[in-house]
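Report on the structure given below.
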Amino acid sequence: MIGFFKRATPPAEACDLGRSAVALPMRAGCAAPPGCPVVIVDAGGRTRRATAAAGKPVPLRDGELAWTYHPGPYTVDLVPFAQAPELGLRTSFAVDAAEALAQQRFDLYLSAEAAGRLDLAELGGAIEAALQRELAQGGLDLPPCTTIEEWNAFRQGLNQLLYMRFGLTVDDCVPVDLGETRDHAALLAARAAGQPATQALDGAPLPPPVPALQHESGERFEPAVADARALRRLFLELPCLMCGLRGAALPSGQDLFRRQQALLQRLDVLSVGANAMPALALAAPGQPLDAGGQLRRARHSRRATVALDEAWALLARMRHGGQSAPMGDAELGNLYDEAERIVANLEADCASRRAVRADVQADLQADMQADAQASAAGEAA
């Protein structure tokens with residue numbers, strides 16, 4: 001009889017929520033801590049918010065996953081330029097809690113990218129990678145001796161980027177000097193050795209490196225894991241990206257309207273193709289694919305997620321430009337040029353992921369493009 005009156009317990013490590021952890025996975029029968037919303041993801045990747053009362057177990061059906069998260073606020077130190085680790089931005093943010101949206105962006109982020117516990121350091125690394133990429137590609141501008149107008153423009157663009165990419169809203173962002181806590185020589189030596197630096201000047205542990213750069217610094221690359229995560233992102237995010245493009249910036253002229261419709265049609269074909277990708281380990285039904293072919297496929301699916309990140313950042317630029325002032329046809333046309341480049345990269349990588357044999361020339365061009373982007377990032381920093 002006592003068991004009927006037993007209250008559901010919160011998930012393990014619940015006291016880390018709002019501190020070192022942003023979201024924690026939940027098992028069936030667990031209850032969410034007070035003030036922490038619950039996101040439930042079904043087998044198809046669709047999300048919904050739980051409505052269980054306080055202290056009551058979260059209702060989960062077969063095949064469903066659940067996370068509980070603390071809305072924040074959180075504070076992280078971001079390094080906008082990788083080559084200048086002493087220059088930082090102390091950024092405070094919170095998870096957006098708009099109830100009017102059918103699917104909030106943070107829910108999609110958990111569904112498509114979270115693998116178990118979402119630590120603040122992991123989320124901060126993803127934010128830093130997105131910020132560095134946008135600054136390197138010119139989507140955001142943070143020049144030396146920034147004026148008030150330039151800073152306000154950067155601040156608004158950063159807020160739109162974080163909202164569109166992660167479902168976060170920026171509460172505050174101020175420049176800070178990290179030179180007293182970062183040993184630049186140790187960071188350069190660790191980068192040359194392919195190992196992350198572990199201590200600051202005062203002996204305190206450094207935050208983990210940016211996840212997007214960990215593979216370059218010697219992290220073990222598991223093709224099956226990386227491919228599965230990349231395909232899940234494509235499957236879940238491409239339809240949402242199409243919806244965002246429809247409402248981001250409405251074209252005024254017939255030519256721009258045709259370009260928008262063509263982009264939507266190409267994204268629709270990509271979305272259908274992502275649902276029908278061949279298995280990583282099979283060249284044909286009953287014919288296994290060699291390890292080299294699997295590695296090549298995983299690399300292309302991972303490159304497709306890089307283009308996906310660029311697409312979300314471009315969508316943030318469209319939203320930001322439309323909110324600050326109506327965009328002219330020329331400005332919107334330039335953004336559509338960038339969108340066509342991104343969609344072309346998605347098409348090329350998805351086609352290479354589906355192919356059984358490698359296109360040596362296409363792979364060489366992709367490698368040259370990746371090297372050029374890395375060089376441009378270094379010059380911008």
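The way I read the labels, and the way they are meant: chains A, B, ... in the order of the structure tokens, residue 1 as the first residue of every chain, and ligand 1 as the first ligand shown, with later ones counted on from there.
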
Item checked: Filtered DSSP result for region 114-334 of chain A, state helix (DSSP H, G or I), as an NGL selection string -> :A and (120-137 or 148-166 or 184-193 or 211-217 or 223-248 or 254-274 or 291-324 or 329-334)

Notebook entry, point to check: What residues in region 14-204 of chain A get the DSSP label strand (DSSP E)? Please answer as an NGL selection string.
Noted result: :A and (21-26 or 38-41 or 47-49 or 65-69 or 74-78 or 87-95 or 118-119 or 168-177)

Kindly assemble as a tab-separated table a list of the region 264-359 of chain A residues that lie within 8 Å of region 152-160 of chain A, each paired with its nearest atom pair and their distance in Å to one decimal, using only C-alpha atoms, sorted first by chain and then by ascending residue number.
residue	atom	partner	partner_atom	distance
A:Ala316	CA	A:Gln160	CA	5.5
A:Arg317	CA	A:Gly157	CA	7.2
A:Arg319	CA	A:Gln160	CA	7.5
A:His320	CA	A:Gln160	CA	6.3

Margin query: Report as a ChimeraX atom specification all protein, DNA and RNA residues lying within 6 Å of Gly18 (chain A), evaluated on only C-alpha atoms, omitting residues in the same chain fewer than 2 positions from it.
Written below: /A:22,70,72

Item checked: Residue nearest Arg19 (chain A) among A:Leu78, A:Leu162, A:Leu118, A:Ala97 (counting only C-alpha atoms) -> A:Leu118

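Distances from A:Arg353, A:Arg49, A:Arg90, A:Arg296 to Pro175 (chain A) were compared using only C-alpha atoms, and the smallest one belongs to A:Arg90.
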
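By chain and then residue number, the residues within 6 Å of Leu24 (chain A) are A:Trp67, A:Thr68, A:Arg117, counting only C-alpha atoms and disregarding those fewer than 4 positions away in sequence.
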
Selection above as a file: N, CA, C and O atoms, as a PDB file, in the first residue's frame:
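What landed in result19.pdb:
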ATOM      1  N   TRP A  67      13.648  15.098 -21.846  1.00  0.00           N
ATOM      2  CA  TRP A  67      14.655  15.929 -21.178  1.00  0.00           C
ATOM      3  C   TRP A  67      13.936  16.937 -20.288  1.00  0.00           C
ATOM      4  O   TRP A  67      12.846  17.414 -20.631  1.00  0.00           O
ATOM      5  N   THR A  68      14.543  17.256 -19.189  1.00  0.00           N
ATOM      6  CA  THR A  68      14.127  18.390 -18.386  1.00  0.00           C
ATOM      7  C   THR A  68      15.262  19.402 -18.381  1.00  0.00           C
ATOM      8  O   THR A  68      16.431  19.023 -18.339  1.00  0.00           O
ATOM      9  N   ARG A 117      23.003  13.983 -21.481  1.00  0.00           N
ATOM     10  CA  ARG A 117      23.117  15.210 -20.691  1.00  0.00           C
ATOM     11  C   ARG A 117      23.710  16.339 -21.535  1.00  0.00           C
ATOM     12  O   ARG A 117      24.683  16.142 -22.260  1.00  0.00           O
TER      13      ARG A 117
END

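Counting only C-alpha atoms, region 255-260 of chain A has the following residues at most 9 Å away, ignoring those fewer than 5 positions along the same chain: Leu245, Arg246, Leu250, Gln265, Asp329, Leu332, Gly333, Tyr336 and Glu340 of chain A.
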
Check: If we count only C-alpha atoms, what is near Pro278 (chain A) at a cut-off of 9 Å, once residues fewer than 2 positions away on the same chain are taken out, given as a VMD selection string?
Finding: chain A and resid 276 280 to 284 353 to 355

Would you put the residues from that selection into a file with C-alpha atoms, as a compact mmCIF listing (two decimals), in the first residue's frame?
# COMPACT_ATOMS: atom_id res chain seq x y z
CA ALA A 276 15.96 7.62 -47.72
CA LEU A 280 26.35 3.42 -43.80
CA ALA A 281 27.76 -0.12 -43.88
CA LEU A 282 26.04 -1.33 -47.07
CA ALA A 283 27.09 -0.71 -50.66
CA ALA A 284 23.99 -2.55 -51.90
CA ARG A 353 26.91 10.39 -48.87
CA ARG A 354 24.54 8.35 -51.00
CA ALA A 355 27.19 7.30 -53.56

Note to self: I'd like the contact shell of Arg46 (chain A) - 10 Å cut-off, only C-alpha atoms, skipping same-chain residues fewer than 3 positions apart - returned as number ranges by chain.
What the structure shows: A: 40-43, 64, 103, 107-108, 111-112, 236

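CA of Ala186 (chain A) is positioned 27.8 Å from CA of Tyr74 (chain A).
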
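Minimum atom-to-atom distance to Pro143 (chain A), evaluated using only C-alpha atoms, belongs to A:Phe81 out of A:Val306, A:Val176, A:Leu65, A:Phe81.
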
Next item on the list: Return the single residue from A:Ala230, A:Arg27, A:Ala126, A:Ser301 that is closest to Asp62 (chain A), with distances computed using only C-alpha atoms.
Entry: A:Arg27

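Among the candidate residues A:Gly116, A:Gly273, A:Pro85, A:Gly29, the one lying nearest to Leu178 (chain A) is A:Pro85, with distances computed using only C-alpha atoms.
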
Notebook entry, point to check: What is the CA of Trp151 (chain A)-CA of Ile127 (chain A) distance in Å, reported with one decimal?
Noted result: 18.5 Å
